[in-house]
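Text of data_25.txt (compact mmCIF, C-alpha atoms) as supplied:
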```txt
# COMPACT_ATOMS: atom_id res chain seq x y z
CA MET A 1281 0.00 0.00 0.00
CA THR A 1282 1.40 3.37 -0.99
CA LEU A 1283 1.70 6.04 1.67
CA ILE A 1284 0.17 9.33 0.51
CA VAL A 1285 1.48 12.32 2.46
CA LYS A 1286 -0.58 15.48 2.89
CA ASP A 1287 1.13 18.80 2.22
CA ALA A 1288 1.69 21.11 5.16
CA ASN A 1289 -0.46 23.83 3.60
CA GLU A 1290 -3.44 21.46 3.52
CA THR A 1291 -3.41 20.74 7.28
CA GLY A 1292 -1.69 23.78 8.72
CA GLN A 1293 0.85 21.43 10.27
CA GLU A 1294 4.17 20.06 9.19
CA ALA A 1295 3.72 16.99 6.97
CA PRO A 1296 4.82 13.69 8.49
CA ALA A 1297 8.01 12.11 7.23
CA ARG A 1298 7.64 10.17 4.01
CA LEU A 1299 8.52 6.50 4.29
CA GLY A 1300 10.66 5.10 1.49
CA PRO A 1301 10.67 1.71 -0.23
CA ALA A 1302 12.88 0.14 2.45
CA HIS A 1303 10.11 0.55 5.03
CA PRO A 1304 7.41 -2.17 5.11
CA GLY A 1305 4.70 0.50 4.91
CA GLY A 1306 6.66 2.82 2.66
CA ILE A 1307 6.06 4.07 -0.86
CA LYS A 1308 6.60 1.25 -3.35
CA ARG A 1309 6.46 3.35 -6.52
CA VAL A 1310 9.81 4.79 -7.66
CA SER A 1311 10.09 7.72 -10.08
CA VAL A 1312 13.63 7.78 -11.50
CA GLY A 1313 15.45 10.88 -12.75
CA CYS A 1314 12.54 13.11 -11.80
CA GLY A 1315 14.56 16.31 -11.39
CA PRO A 1316 13.10 19.26 -9.44
CA ASN A 1317 10.12 19.86 -11.73
CA HIS A 1318 8.54 16.41 -11.97
CA ILE A 1319 7.99 15.53 -8.32
CA ARG A 1320 5.09 13.12 -7.86
CA ARG A 1321 3.41 13.00 -4.45
CA ASP A 1322 2.49 9.32 -4.48
CA TRP A 1323 5.91 8.20 -5.70
CA TRP A 1324 9.39 7.95 -4.17
CA ASN A 1325 11.24 10.56 -6.26
CA VAL A 1326 14.92 9.89 -6.90
CA ASP A 1327 17.63 11.57 -8.94
CA VAL A 1328 21.40 11.29 -9.17
CA ARG A 1329 21.63 15.02 -8.34
CA PRO A 1330 20.49 16.57 -5.03
CA PHE A 1331 17.61 18.63 -6.39
CA LYS A 1332 15.30 20.37 -3.95
CA GLY A 1333 12.14 18.38 -3.31
CA ILE A 1334 13.37 14.90 -4.26
CA ASP A 1335 13.14 12.11 -1.71
CA GLU A 1336 16.54 10.54 -2.24
CA VAL A 1337 19.79 11.02 -4.15
CA PHE A 1338 20.25 7.73 -5.94
CA ASP A 1339 22.26 6.40 -8.88
CA ALA A 1340 19.76 4.12 -10.62
CA ILE A 1341 22.37 2.21 -12.64
CA GLN A 1342 23.85 0.81 -9.43
CA PRO A 1343 22.24 -2.13 -7.56
CA TRP A 1344 19.00 -1.04 -5.91
CA PRO A 1345 18.78 -1.43 -2.11
CA TRP A 1346 15.06 -2.31 -2.21
CA SER A 1347 12.83 -5.21 -3.11
CA GLY A 1348 9.11 -5.57 -3.50
CA ILE A 1349 8.75 -2.42 -5.61
CA GLU A 1350 5.35 -2.23 -7.31
CA TYR A 1351 6.07 0.33 -10.05
CA VAL A 1352 9.05 2.10 -11.64
CA PHE A 1353 8.63 5.13 -13.89
CA ALA A 1354 11.30 6.97 -15.88
CA GLU A 1355 10.44 9.78 -18.30
CA HIS A 1356 13.11 11.13 -20.66
CA PHE A 1357 15.76 9.39 -18.59
CA LEU A 1358 16.82 6.30 -20.54
CA GLU A 1359 18.31 8.28 -23.44
CA HIS A 1360 20.69 10.04 -21.04
CA LEU A 1361 22.41 6.75 -20.25
CA THR A 1362 24.87 4.88 -22.40
CA LEU A 1363 23.46 1.59 -23.63
CA GLN A 1364 25.57 -0.16 -20.99
CA GLY A 1365 24.09 2.13 -18.35
CA ALA A 1366 20.57 1.53 -19.65
CA ILE A 1367 21.04 -2.23 -19.39
CA ALA A 1368 22.33 -1.83 -15.82
CA PHE A 1369 19.35 0.38 -14.91
CA LEU A 1370 16.78 -1.96 -16.43
CA THR A 1371 18.43 -4.95 -14.75
CA HIS A 1372 18.58 -3.45 -11.27
CA ALA A 1373 15.16 -1.81 -11.48
CA GLY A 1374 13.63 -5.08 -12.65
CA GLN A 1375 15.31 -7.03 -9.88
CA ALA A 1376 13.88 -4.56 -7.33
CA LEU A 1377 10.36 -5.04 -8.72
CA LYS A 1378 8.18 -7.70 -7.18
CA PRO A 1379 6.94 -10.41 -9.58
CA GLY A 1380 4.11 -8.79 -11.51
CA GLY A 1381 5.49 -5.31 -10.83
CA LYS A 1382 5.66 -2.92 -13.78
CA ILE A 1383 8.09 -0.47 -15.31
CA ARG A 1384 7.02 2.37 -17.63
CA LEU A 1385 9.52 4.24 -19.77
CA SER A 1386 9.09 7.31 -21.95
CA THR A 1387 12.02 8.01 -24.25
CA PRO A 1388 12.52 9.94 -27.54
CA SER A 1389 11.66 8.01 -30.70
CA LEU A 1390 14.58 7.41 -33.06
CA GLU A 1391 12.11 7.02 -35.93
CA PHE A 1392 10.61 10.43 -35.22
CA VAL A 1393 14.05 12.06 -35.20
CA VAL A 1394 15.03 10.53 -38.54
CA LYS A 1395 11.69 11.29 -40.21
CA THR A 1396 11.42 14.87 -39.03
CA HIS A 1397 15.01 16.09 -39.00
CA PHE A 1398 16.30 15.31 -42.48
CA SER A 1399 14.92 15.47 -45.99
CA PHE A 1400 16.43 13.14 -48.60
CA GLU A 1401 14.98 15.21 -51.42
CA GLY A 1402 17.76 17.07 -53.22
CA GLY A 1403 17.80 20.64 -54.46
CA ASP A 1404 18.16 22.53 -51.18
CA GLU A 1405 21.62 21.88 -49.83
CA ALA A 1406 21.52 24.85 -47.45
CA ARG A 1407 18.48 23.31 -45.78
CA GLN A 1408 20.16 19.91 -45.59
CA VAL A 1409 23.20 21.50 -43.96
CA MET A 1410 20.99 22.88 -41.19
CA GLN A 1411 19.11 19.59 -40.96
CA THR A 1412 22.39 17.72 -40.51
CA MET A 1413 23.21 19.86 -37.50
CA GLY A 1414 19.65 19.49 -36.21
CA MET A 1415 19.78 15.71 -36.41
CA ASN A 1416 23.11 15.53 -34.61
CA ARG A 1417 21.72 17.91 -32.00
CA ALA A 1418 18.82 15.53 -31.45
CA PHE A 1419 21.25 12.65 -31.01
CA HIS A 1420 23.84 14.35 -28.82
CA GLY A 1421 22.22 17.48 -27.42
CA TRP A 1422 20.72 17.77 -23.93
CA GLY A 1423 23.03 15.02 -22.70
CA HIS A 1424 21.56 12.30 -24.92
CA GLN A 1425 23.64 9.14 -25.16
CA PHE A 1426 21.50 6.61 -27.04
CA LEU A 1427 18.16 6.91 -28.87
CA TYR A 1428 15.75 3.99 -29.21
CA SER A 1429 13.64 2.68 -32.05
CA ARG A 1430 10.49 0.79 -31.13
CA PRO A 1431 11.84 -2.62 -32.28
CA PHE A 1432 15.11 -2.11 -30.39
CA LEU A 1433 13.39 -1.04 -27.18
CA LYS A 1434 11.04 -4.02 -27.36
CA LYS A 1435 13.91 -6.46 -28.02
CA LEU A 1436 16.02 -5.02 -25.21
CA LEU A 1437 13.25 -5.46 -22.64
CA GLU A 1438 12.48 -8.96 -23.89
CA ASP A 1439 16.18 -9.88 -23.89
CA LEU A 1440 16.24 -8.79 -20.24
CA LYS A 1441 13.39 -11.27 -19.62
CA TYR A 1442 10.62 -8.76 -19.00
CA ASP A 1443 7.12 -10.01 -19.79
CA ARG A 1444 4.23 -8.32 -21.60
CA VAL A 1445 6.05 -5.48 -23.34
CA GLU A 1446 3.33 -3.04 -24.44
CA PHE A 1447 3.48 0.39 -26.12
CA TYR A 1448 1.00 3.17 -25.31
CA PRO A 1449 0.18 6.69 -26.47
CA TYR A 1450 1.26 9.70 -24.43
CA ARG A 1451 -0.29 9.71 -20.92
CA THR A 1452 -2.29 6.56 -21.67
CA SER A 1453 -2.22 3.19 -19.92
CA ASP A 1454 -4.49 0.28 -19.12
CA ASP A 1455 -3.16 0.49 -15.56
CA PRO A 1456 -4.65 3.44 -13.62
CA VAL A 1457 -1.41 3.91 -11.68
CA LEU A 1458 0.55 4.43 -14.91
CA HIS A 1459 -2.10 6.53 -16.66
CA ASP A 1460 -1.54 10.29 -17.17
CA LEU A 1461 2.07 10.34 -15.91
CA GLU A 1462 4.11 11.94 -18.70
CA ARG A 1463 4.83 15.66 -18.49
CA HIS A 1464 7.28 16.34 -21.32
CA LYS A 1465 5.26 18.20 -23.94
CA SER A 1466 7.64 17.14 -26.73
CA SER A 1467 6.34 13.60 -26.26
CA GLN A 1468 2.93 14.67 -27.58
CA SER A 1469 4.32 15.26 -31.08
CA PHE A 1470 3.25 12.83 -33.79
CA LYS A 1471 4.48 13.21 -37.35
CA MET A 1472 4.90 10.98 -40.37
CA GLY A 1473 3.49 7.98 -38.53
CA PHE A 1474 5.75 8.12 -35.47
CA PRO A 1475 5.35 9.64 -31.99
CA GLY A 1476 7.86 12.03 -30.51
CA ALA A 1477 8.53 9.50 -27.76
CA TRP A 1478 7.93 5.82 -27.14
CA ASN A 1479 5.92 5.06 -24.01
CA VAL A 1480 6.44 1.43 -23.10
CA GLU A 1481 5.46 -0.78 -20.18
CA ALA A 1482 6.88 -4.13 -19.18
CA THR A 1483 6.19 -6.54 -16.35
CA ARG A 1484 8.61 -8.46 -14.20
CA GLY A 1485 8.01 -12.17 -14.49
CA SER A 1486 8.81 -14.82 -11.89
CA ASP A 1487 12.53 -14.64 -12.72
CA PRO A 1488 14.52 -11.45 -12.05
CA PRO A 1489 15.50 -9.57 -15.23
CA CYS A 1490 19.00 -10.16 -16.51
CA LEU A 1491 20.80 -10.31 -19.84
CA SER A 1492 22.11 -13.71 -20.88
CA ALA A 1493 25.69 -14.12 -22.07
CA GLU A 1494 24.33 -14.95 -25.53
CA HIS A 1495 22.32 -11.73 -25.77
CA LEU A 1496 25.15 -9.67 -24.27
CA ALA A 1497 27.48 -10.98 -26.96
CA VAL A 1498 25.14 -9.67 -29.68
CA TYR A 1499 25.21 -6.15 -28.21
CA ASP A 1500 28.95 -6.37 -27.79
CA VAL A 1501 29.66 -7.51 -31.37
CA ASN A 1502 27.34 -4.96 -32.93
CA TYR A 1503 27.79 -1.94 -30.66
CA PHE A 1504 29.83 -2.00 -27.46
CA ARG A 1505 33.16 -2.80 -29.04
CA TYR A 1506 32.80 0.21 -31.34
CA VAL A 1507 31.71 2.70 -28.68
CA LYS A 1508 33.94 3.13 -25.68
CA SER A 1509 32.31 5.13 -22.91
CA SER A 1510 31.69 5.27 -19.19
CA ALA A 1511 28.68 3.61 -17.58
CA HIS A 1512 26.55 6.79 -17.55
```
File written out as structure tokens:
Amino acid sequence: MTLIVKDANETGQEAPARLGPAHPGGIKRVSVGCGPNHIRRDWWNVDVRPFKGIDEVFDAIQPWPWSGIEYVFAEHFLEHLTLQGAIAFLTHAGQALKPGGKIRLSTPSLEFVVKTHFSFEGGDEARQVMQTMGMNRAFHGWGHQFLYSRPFLKKLLEDLKYDRVEFYPYRTSDDPVLHDLERHKSSQSFKMGFPGAWNVEATRGSDPPCLSAEHLAVYDVNYFRYVKSSAH
């Protein structure tokens, strides 16, 4: 059961201390990389930086100290990790989830970037010059490390042994807890058949998520060995 804390201005008294996921009666919904502007009252809000208002400074690519988590949510967070870091995050988050627990991710759509940032029609080289910079800005600007296509994101979650990988429109879910969560307005965009961001949910099965040596070898042969970077 999630603890919902009343604000001080609602009662005229100081709000009681929030209980985190480590407490038996604590909040079992974790919002990762929330920053100072996306604090959610019914969630345990964590970020790697000590922003005002968050519940805990926490590096989500390291092993999680909790178990029995019901929900994990991360909006415009995954793309700021290297692929190695994303795999670590999805592994540790999934291992912290209870069987049947869910993770929801919202991350920029690679297809949208390609379709909207560059025109292959010739005749306007000046425009293509600007588009080239725009596309690289989309890939590398704002601290982006890796952008995801829908097939890749689905395969990655399935390779990690998540069950029931499902994609949803912006702020839409079959689960009331995960409905109406996204706040990044850019995610509402929809052009040329692709959304500005993929919103995906996956469920932890009976086995804790992990990447097999066979699957890891595929990522290594096709990507890791060509891109040397830190874990973040």
So that I can see what lies close to Phe1419 (chain A), please list as a list in words the residues with an atom at most 12 Å from it, counting all atoms listed in the file and leaving out residues fewer than 2 positions away in the same chain.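 Returned residues: Glu1359, His1360, Pro1388, Ser1389, Leu1390, Glu1391, Phe1392, Val1393, Val1394, His1397, Thr1412, Met1413, Gly1414, Met1415, Asn1416, Arg1417, Gly1421, Trp1422, Gly1423, His1424, Gln1425, Phe1426, Leu1427 and Tyr1428 of chain A.
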Which residue gives the smallest distance to Val1480 (chain A) among A:Leu1385, A:Leu1437, A:Ile1307, A:Leu1363, with all atoms listed in the file counted?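 The closest residue to Val1480 (chain A) is A:Leu1385.
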Between CA of Lys1434 (chain A) and CA of Val1337 (chain A), what is the distance in Å, rounded to a tenth?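 Interatomic distance here is 29.0 Å.
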Closest to Ser1347 (chain A) among A:Val1409, A:Ala1482, A:Leu1377, A:Leu1433, using all atoms listed in the file?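 Answer, going by the shortest atom-to-atom distance: A:Leu1377.
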In Å, with one decimal, what is the gap from CA of Glu1355 (chain A) to CA of Glu1462 (chain A)? 6.7 Å
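Going from CA of Gln1411 (chain A) to CA of Phe1504 (chain A) covers 27.6 Å.
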Counting all atoms listed in the file, I want the residues whose atoms come within 9 Å of (5.8, 12.1, -38.6) in the file frame, returned as a PyMOL selection string. chain A and resi 1391-1393+1395-1396+1469-1476
Exercise: Ala1368 (chain A) partners within 10 Å, all atoms listed in the file, chain neighbours under 5 positions left out, as JSON, numbers by chain: {"A": [1340, 1341, 1342, 1343, 1361, 1362, 1363, 1373, 1374, 1490, 1491, 1511, 1512]}
Just the residues within 7 Å of region 1308-1312 of chain A, please, counting only C-alpha atoms, with nothing from its chain fewer than 3 positions along; format it as a VMD selection string. chain A and resid 1282 1301 1323 to 1327 1349 to 1354
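Closest approach to Glu1494 (chain A) from the set A:Leu1458, A:Ala1302, A:Leu1440, A:Val1445 is made by A:Leu1440, with distances taken over all atoms listed in the file.
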Nearest to Ser1486 (chain A): which of A:Pro1304, A:Pro1316, A:Pro1345, A:Pro1379 is it, counting only C-alpha atoms?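 Residue with the minimum atom-to-atom distance to Ser1486 (chain A): A:Pro1379.
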Closest to Thr1387 (chain A) among A:Asp1460, A:Gly1333, A:Phe1400, A:Arg1430, using only C-alpha atoms?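 For Thr1387 (chain A), the nearest of the candidates is A:Arg1430.
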Of the listed residues A:Val1457, A:Leu1436, A:Asn1479, A:Gly1305, that which approaches Val1498 (chain A) most closely, counting all atoms listed in the file: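 Nearest candidate to Val1498 (chain A) out of A:Val1457, A:Leu1436, A:Asn1479, A:Gly1305: A:Leu1436.
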Enclose region 1427-1446 of chain A, meaning all of its atoms listed in the file, in a box aligned along x, y and z, pad it by 4 Å on each side, and list the centre and edge lengths in Å to one decimal, as lines of an AutoDock Vina configuration file.
```
center_x = 10.7
center_y = -2.2
center_z = -25.6
size_x = 22.8
size_y = 26.2
size_z = 21.3
```
